[in-house]
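Peer 1: Just upload23.pdb, nothing more (PDB, N, CA and C atoms and all ligand atoms):
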```
ATOM      1  N   MET I 228     102.852 111.234 102.256  1.00  0.00           N
ATOM      2  CA  MET I 228     102.476 112.513 102.859  1.00  0.00           C
ATOM      3  C   MET I 228     102.156 112.321 104.324  1.00  0.00           C
ATOM      4  N   LYS I 229     102.223 113.374 105.061  1.00  0.00           N
ATOM      5  CA  LYS I 229     101.919 113.299 106.487  1.00  0.00           C
ATOM      6  C   LYS I 229     100.920 114.381 106.832  1.00  0.00           C
ATOM      7  N   ILE I 230      99.899 114.003 107.568  1.00  0.00           N
ATOM      8  CA  ILE I 230      98.887 114.958 107.985  1.00  0.00           C
ATOM      9  C   ILE I 230      99.178 115.391 109.412  1.00  0.00           C
ATOM     10  N   ASP I 231      99.462 116.642 109.569  1.00  0.00           N
ATOM     11  CA  ASP I 231      99.766 117.174 110.892  1.00  0.00           C
ATOM     12  C   ASP I 231      98.467 117.588 111.567  1.00  0.00           C
ATOM     13  N   PRO I 232      98.152 116.993 112.703  1.00  0.00           N
ATOM     14  CA  PRO I 232      96.914 117.372 113.392  1.00  0.00           C
ATOM     15  C   PRO I 232      96.957 118.798 113.908  1.00  0.00           C
ATOM     16  N   GLY I 233      98.128 119.389 113.927  1.00  0.00           N
ATOM     17  CA  GLY I 233      98.139 120.820 114.131  1.00  0.00           C
ATOM     18  C   GLY I 233      98.929 121.328 115.314  1.00  0.00           C
ATOM     19  N   ASN I 234      99.835 122.233 115.039  1.00  0.00           N
ATOM     20  CA  ASN I 234     100.422 123.105 116.056  1.00  0.00           C
ATOM     21  C   ASN I 234     101.117 122.358 117.195  1.00  0.00           C
ATOM     22  N   GLY I 235     101.680 121.208 116.891  1.00  0.00           N
ATOM     23  CA  GLY I 235     102.419 120.492 117.914  1.00  0.00           C
ATOM     24  C   GLY I 235     101.556 119.889 118.995  1.00  0.00           C
ATOM     25  N   LEU I 236     100.270 119.960 118.806  1.00  0.00           N
ATOM     26  CA  LEU I 236      99.367 119.384 119.795  1.00  0.00           C
ATOM     27  C   LEU I 236      99.465 117.865 119.770  1.00  0.00           C
ATOM     28  N   LYS I 237      99.741 117.297 120.926  1.00  0.00           N
ATOM     29  CA  LYS I 237      99.818 115.844 121.011  1.00  0.00           C
ATOM     30  C   LYS I 237      98.415 115.262 121.137  1.00  0.00           C
ATOM     31  N   LEU I 238      98.091 114.389 120.211  1.00  0.00           N
ATOM     32  CA  LEU I 238      96.808 113.700 120.302  1.00  0.00           C
ATOM     33  C   LEU I 238      96.960 112.475 121.186  1.00  0.00           C
ATOM     34  N   LEU I 239      96.020 112.292 122.063  1.00  0.00           N
ATOM     35  CA  LEU I 239      96.041 111.129 122.945  1.00  0.00           C
ATOM     36  C   LEU I 239      94.874 110.215 122.611  1.00  0.00           C
ATOM     37  N   CYS I 240      95.119 108.923 122.693  1.00  0.00           N
ATOM     38  CA  CYS I 240      94.036 107.967 122.553  1.00  0.00           C
ATOM     39  C   CYS I 240      93.097 108.120 123.739  1.00  0.00           C
ATOM     40  N   ALA I 241      91.818 108.227 123.453  1.00  0.00           N
ATOM     41  CA  ALA I 241      90.844 108.438 124.519  1.00  0.00           C
ATOM     42  C   ALA I 241      90.757 107.233 125.444  1.00  0.00           C
ATOM     43  N   GLN I 242      91.079 106.068 124.922  1.00  0.00           N
ATOM     44  CA  GLN I 242      90.984 104.860 125.746  1.00  0.00           C
ATOM     45  C   GLN I 242      92.278 104.594 126.510  1.00  0.00           C
ATOM     46  N   CYS I 243      93.411 104.686 125.807  1.00  0.00           N
ATOM     47  CA  CYS I 243      94.684 104.241 126.383  1.00  0.00           C
ATOM     48  C   CYS I 243      95.474 105.380 127.005  1.00  0.00           C
ATOM     49  N   ARG I 244      95.130 106.615 126.691  1.00  0.00           N
ATOM     50  CA  ARG I 244      95.909 107.764 127.164  1.00  0.00           C
ATOM     51  C   ARG I 244      97.347 107.711 126.660  1.00  0.00           C
ATOM     52  N   LEU I 245      97.522 107.151 125.485  1.00  0.00           N
ATOM     53  CA  LEU I 245      98.837 107.110 124.874  1.00  0.00           C
ATOM     54  C   LEU I 245      98.872 108.099 123.721  1.00  0.00           C
ATOM     55  N   PRO I 246     100.038 108.711 123.503  1.00  0.00           N
ATOM     56  CA  PRO I 246     100.145 109.613 122.354  1.00  0.00           C
ATOM     57  C   PRO I 246     100.038 108.839 121.048  1.00  0.00           C
ATOM     58  N   LEU I 247      99.285 109.398 120.122  1.00  0.00           N
ATOM     59  CA  LEU I 247      99.125 108.746 118.831  1.00  0.00           C
ATOM     60  C   LEU I 247     100.405 108.924 118.021  1.00  0.00           C
ATOM     61  N   VAL I 248     100.739 107.907 117.272  1.00  0.00           N
ATOM     62  CA  VAL I 248     101.927 107.952 116.426  1.00  0.00           C
ATOM     63  C   VAL I 248     101.501 107.879 114.967  1.00  0.00           C
ATOM     64  N   SER I 249     102.281 108.523 114.115  1.00  0.00           N
ATOM     65  CA  SER I 249     101.954 108.523 112.699  1.00  0.00           C
ATOM     66  C   SER I 249     102.165 107.135 112.123  1.00  0.00           C
ATOM     67  N   ALA I 250     101.154 106.653 111.425  1.00  0.00           N
ATOM     68  CA  ALA I 250     101.238 105.309 110.869  1.00  0.00           C
ATOM     69  C   ALA I 250     100.629 105.304 109.476  1.00  0.00           C
ATOM     70  N   PRO I 251     101.191 104.507 108.580  1.00  0.00           N
ATOM     71  CA  PRO I 251     100.636 104.426 107.230  1.00  0.00           C
ATOM     72  C   PRO I 251      99.312 103.684 107.231  1.00  0.00           C
ATOM     73  N   VAL I 252      98.318 104.306 106.632  1.00  0.00           N
ATOM     74  CA  VAL I 252      97.022 103.663 106.489  1.00  0.00           C
ATOM     75  C   VAL I 252      96.543 103.884 105.062  1.00  0.00           C
ATOM     76  N   THR I 253      95.536 103.151 104.696  1.00  0.00           N
ATOM     77  CA  THR I 253      94.954 103.310 103.366  1.00  0.00           C
ATOM     78  C   THR I 253      93.549 103.851 103.507  1.00  0.00           C
ATOM     79  N   VAL I 254      93.278 104.945 102.840  1.00  0.00           N
ATOM     80  CA  VAL I 254      91.929 105.481 102.827  1.00  0.00           C
ATOM     81  C   VAL I 254      91.335 105.238 101.447  1.00  0.00           C
ATOM     82  N   ARG I 255      90.023 105.148 101.422  1.00  0.00           N
ATOM     83  CA  ARG I 255      89.354 104.851 100.156  1.00  0.00           C
ATOM     84  C   ARG I 255      88.416 105.991  99.786  1.00  0.00           C
ATOM     85  N   TYR I 256      88.446 106.327  98.536  1.00  0.00           N
ATOM     86  CA  TYR I 256      87.596 107.390  98.041  1.00  0.00           C
ATOM     87  C   TYR I 256      87.219 107.085  96.607  1.00  0.00           C
ATOM     88  N   LEU I 257      85.944 107.083  96.337  1.00  0.00           N
ATOM     89  CA  LEU I 257      85.438 106.807  94.995  1.00  0.00           C
ATOM     90  C   LEU I 257      85.994 105.511  94.432  1.00  0.00           C
ATOM     91  N   GLY I 258      86.096 104.521  95.314  1.00  0.00           N
ATOM     92  CA  GLY I 258      86.508 103.205  94.863  1.00  0.00           C
ATOM     93  C   GLY I 258      87.994 103.027  94.674  1.00  0.00           C
ATOM     94  N   GLN I 259      88.760 104.078  94.978  1.00  0.00           N
ATOM     95  CA  GLN I 259      90.204 103.952  94.858  1.00  0.00           C
ATOM     96  C   GLN I 259      90.834 104.033  96.241  1.00  0.00           C
ATOM     97  N   ALA I 260      91.988 103.419  96.383  1.00  0.00           N
ATOM     98  CA  ALA I 260      92.685 103.414  97.666  1.00  0.00           C
ATOM     99  C   ALA I 260      93.887 104.352  97.598  1.00  0.00           C
ATOM    100  N   PHE I 261      94.042 105.125  98.667  1.00  0.00           N
ATOM    101  CA  PHE I 261      95.164 106.049  98.726  1.00  0.00           C
ATOM    102  C   PHE I 261      95.941 105.822 100.023  1.00  0.00           C
ATOM    103  N   PRO I 262      97.249 105.660  99.923  1.00  0.00           N
ATOM    104  CA  PRO I 262      98.050 105.526 101.143  1.00  0.00           C
ATOM    105  C   PRO I 262      98.318 106.889 101.763  1.00  0.00           C
ATOM    106  N   VAL I 263      98.046 107.010 103.042  1.00  0.00           N
ATOM    107  CA  VAL I 263      98.334 108.248 103.768  1.00  0.00           C
ATOM    108  C   VAL I 263      98.900 107.867 105.130  1.00  0.00           C
ATOM    109  N   GLU I 264      99.425 108.858 105.822  1.00  0.00           N
ATOM    110  CA  GLU I 264      99.843 108.625 107.195  1.00  0.00           C
ATOM    111  C   GLU I 264      98.907 109.375 108.120  1.00  0.00           C
ATOM    112  N   LEU I 265      98.379 108.673 109.091  1.00  0.00           N
ATOM    113  CA  LEU I 265      97.480 109.283 110.058  1.00  0.00           C
ATOM    114  C   LEU I 265      97.931 108.914 111.460  1.00  0.00           C
ATOM    115  N   PRO I 266      97.612 109.768 112.435  1.00  0.00           N
ATOM    116  CA  PRO I 266      97.950 109.441 113.817  1.00  0.00           C
ATOM    117  C   PRO I 266      97.168 108.217 114.287  1.00  0.00           C
ATOM    118  N   ARG I 267      97.889 107.263 114.861  1.00  0.00           N
ATOM    119  CA  ARG I 267      97.242 106.038 115.294  1.00  0.00           C
ATOM    120  C   ARG I 267      97.748 105.630 116.670  1.00  0.00           C
ATOM    121  N   CYS I 268      96.851 105.069 117.460  1.00  0.00           N
ATOM    122  CA  CYS I 268      97.230 104.576 118.782  1.00  0.00           C
ATOM    123  C   CYS I 268      98.035 103.294 118.618  1.00  0.00           C
ATOM    124  N   PRO I 269      99.245 103.243 119.225  1.00  0.00           N
ATOM    125  CA  PRO I 269     100.077 102.042 119.076  1.00  0.00           C
ATOM    126  C   PRO I 269      99.525 100.850 119.848  1.00  0.00           C
ATOM    127  N   GLN I 270      98.606 101.102 120.747  1.00  0.00           N
ATOM    128  CA  GLN I 270      98.114  99.995 121.581  1.00  0.00           C
ATOM    129  C   GLN I 270      96.829  99.376 121.029  1.00  0.00           C
ATOM    130  N   CYS I 271      95.797 100.208 120.818  1.00  0.00           N
ATOM    131  CA  CYS I 271      94.510  99.635 120.415  1.00  0.00           C
ATOM    132  C   CYS I 271      94.248  99.796 118.924  1.00  0.00           C
ATOM    133  N   GLY I 272      95.091 100.568 118.238  1.00  0.00           N
ATOM    134  CA  GLY I 272      94.934 100.689 116.801  1.00  0.00           C
ATOM    135  C   GLY I 272      93.924 101.732 116.363  1.00  0.00           C
ATOM    136  N   TYR I 273      93.419 102.523 117.318  1.00  0.00           N
ATOM    137  CA  TYR I 273      92.508 103.607 116.966  1.00  0.00           C
ATOM    138  C   TYR I 273      93.213 104.579 116.022  1.00  0.00           C
ATOM    139  N   THR I 274      92.571 104.921 114.933  1.00  0.00           N
ATOM    140  CA  THR I 274      93.150 105.846 113.975  1.00  0.00           C
ATOM    141  C   THR I 274      92.384 107.154 113.992  1.00  0.00           C
ATOM    142  N   TYR I 275      93.116 108.231 114.176  1.00  0.00           N
ATOM    143  CA  TYR I 275      92.502 109.549 114.144  1.00  0.00           C
ATOM    144  C   TYR I 275      92.336 109.993 112.701  1.00  0.00           C
ATOM    145  N   VAL I 276      91.105 110.256 112.295  1.00  0.00           N
ATOM    146  CA  VAL I 276      90.834 110.738 110.944  1.00  0.00           C
ATOM    147  C   VAL I 276      90.443 112.204 111.035  1.00  0.00           C
ATOM    148  N   PRO I 277      91.277 113.080 110.479  1.00  0.00           N
ATOM    149  CA  PRO I 277      90.926 114.502 110.513  1.00  0.00           C
ATOM    150  C   PRO I 277      89.581 114.748 109.860  1.00  0.00           C
ATOM    151  N   GLU I 278      88.864 115.699 110.402  1.00  0.00           N
ATOM    152  CA  GLU I 278      87.509 115.944 109.914  1.00  0.00           C
ATOM    153  C   GLU I 278      87.515 116.323 108.435  1.00  0.00           C
ATOM    154  N   ASP I 279      88.524 117.045 108.031  1.00  0.00           N
ATOM    155  CA  ASP I 279      88.627 117.421 106.627  1.00  0.00           C
ATOM    156  C   ASP I 279      88.695 116.195 105.730  1.00  0.00           C
ATOM    157  N   LEU I 280      89.438 115.200 106.222  1.00  0.00           N
ATOM    158  CA  LEU I 280      89.603 113.988 105.433  1.00  0.00           C
ATOM    159  C   LEU I 280      88.311 113.193 105.372  1.00  0.00           C
ATOM    160  N   ALA I 281      87.566 113.239 106.468  1.00  0.00           N
ATOM    161  CA  ALA I 281      86.354 112.428 106.559  1.00  0.00           C
ATOM    162  C   ALA I 281      85.169 113.068 105.853  1.00  0.00           C
ATOM    163  N   THR I 282      85.266 114.347 105.536  1.00  0.00           N
ATOM    164  CA  THR I 282      84.086 115.046 105.040  1.00  0.00           C
ATOM    165  C   THR I 282      84.268 115.599 103.636  1.00  0.00           C
ATOM    166  N   GLY I 283      85.127 114.979 102.837  1.00  0.00           N
ATOM    167  CA  GLY I 283      85.065 115.285 101.428  1.00  0.00           C
ATOM    168  C   GLY I 283      86.218 116.058 100.834  1.00  0.00           C
ATOM    169  N   LYS I 284      87.340 116.140 101.519  1.00  0.00           N
ATOM    170  CA  LYS I 284      88.497 116.817 100.929  1.00  0.00           C
ATOM    171  C   LYS I 284      89.530 115.821 100.417  1.00  0.00           C
ATOM    172  N   MET I 285      89.066 114.617 100.190  1.00  0.00           N
ATOM    173  CA  MET I 285      89.991 113.580  99.724  1.00  0.00           C
ATOM    174  C   MET I 285      90.616 113.934  98.381  1.00  0.00           C
ATOM    175  N   LEU I 286      89.934 114.736  97.606  1.00  0.00           N
ATOM    176  CA  LEU I 286      90.492 115.110  96.309  1.00  0.00           C
ATOM    177  C   LEU I 286      91.821 115.818  96.486  1.00  0.00           C
ATOM    178  N   GLN I 287      91.926 116.645  97.517  1.00  0.00           N
ATOM    179  CA  GLN I 287      93.181 117.334  97.778  1.00  0.00           C
ATOM    180  C   GLN I 287      94.276 116.357  98.193  1.00  0.00           C
ATOM    181  N   VAL I 288      93.887 115.335  98.917  1.00  0.00           N
ATOM    182  CA  VAL I 288      94.870 114.324  99.291  1.00  0.00           C
ATOM    183  C   VAL I 288      95.415 113.656  98.048  1.00  0.00           C
ATOM    184  N   GLU I 289      94.508 113.344  97.117  1.00  0.00           N
ATOM    185  CA  GLU I 289      94.935 112.695  95.886  1.00  0.00           C
ATOM    186  C   GLU I 289      95.917 113.586  95.118  1.00  0.00           C
ATOM    187  N   GLN I 290      95.613 114.857  95.028  1.00  0.00           N
ATOM    188  CA  GLN I 290      96.498 115.766  94.308  1.00  0.00           C
ATOM    189  C   GLN I 290      97.856 115.882  94.989  1.00  0.00           C
ATOM    190  N   ALA I 291      97.848 115.884  96.316  1.00  0.00           N
ATOM    191  CA  ALA I 291      99.105 115.979  97.046  1.00  0.00           C
ATOM    192  C   ALA I 291      99.990 114.782  96.749  1.00  0.00           C
ATOM    193  N   LEU I 292      99.376 113.629  96.614  1.00  0.00           N
ATOM    194  CA  LEU I 292     100.153 112.428  96.304  1.00  0.00           C
ATOM    195  C   LEU I 292     100.772 112.524  94.926  1.00  0.00           C
ATOM    196  N   GLU I 293     100.051 113.094  93.994  1.00  0.00           N
ATOM    197  CA  GLU I 293     100.572 113.186  92.642  1.00  0.00           C
ATOM    198  C   GLU I 293     101.748 114.143  92.540  1.00  0.00           C
ATOM    199  N   ASP I 294     101.836 115.062  93.473  1.00  0.00           N
ATOM    200  CA  ASP I 294     102.940 116.010  93.442  1.00  0.00           C
ATOM    201  C   ASP I 294     104.276 115.372  93.815  1.00  0.00           C
ATOM    202  N   LYS I 295     104.223 114.229  94.477  1.00  0.00           N
ATOM    203  CA  LYS I 295     105.475 113.621  94.926  1.00  0.00           C
ATOM    204  C   LYS I 295     106.106 112.750  93.835  1.00  0.00           C
TER     205      LYS I 295
HETATM  206 ZN    ZN I 301      94.372 103.279 122.249  1.00  0.00          ZN
END
```
Show how you would write the structure in this file as structure tokens.
Peer 2:
Amino acid sequence: MKIDPGNGLKLLCAQCRLPLVSAPVTVRYLGQAFPVELPRCPQCGYTYVPEDLATGKMLQVEQALEDK
């Protein structure tokens, strides 16, 4: 799955001023690991975590994975 940060807005790394690129990462929730794609800085490795993902909507991510 791919998480779109929204509306074609280019996210920039605050440190490098480089556009973030979608990269596969693993997020953990309730002791389980889920592979997702999140925008990540190609230079310093900073990963943008959408607020929804960080604040408890991981259950929806899990369901989205099961649909595939
Ligand atoms: Zn960076």
Peer 1: Can you tell me which residues come within 6.5 Å of ligand ZN 301 (chain I) when counting all atoms listed in the file, ideally as a count of residues only?
Peer 2: 12
Peer 1: In Å, with one decimal, what is the gap from atom C of Leu247 in chain I to atom C of Tyr275 in chain I?
Peer 2: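 Atom C of Tyr275 in chain I lies at a distance of 9.7 Å from atom C of Leu247 in chain I.
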Peer 1: If I take atom C of Leu280 in chain I and atom N of Pro246 in chain I, how far is one from the other in Å, to one decimal?
Peer 2: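 Those two atoms sit 22.1 Å apart.
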Peer 1: Could you jot down the CA of Pro266 in chain I to CA of Glu278 in chain I separation for me, Å, one decimal place?
Peer 2: 12.9 Å
Peer 1: Given the choices I:Val276, I:Thr282, I:Val252, I:Leu238, which gets closest to Glu264 in chain I if the distance is worked out from all atoms listed in the file?
Peer 2: I:Val252
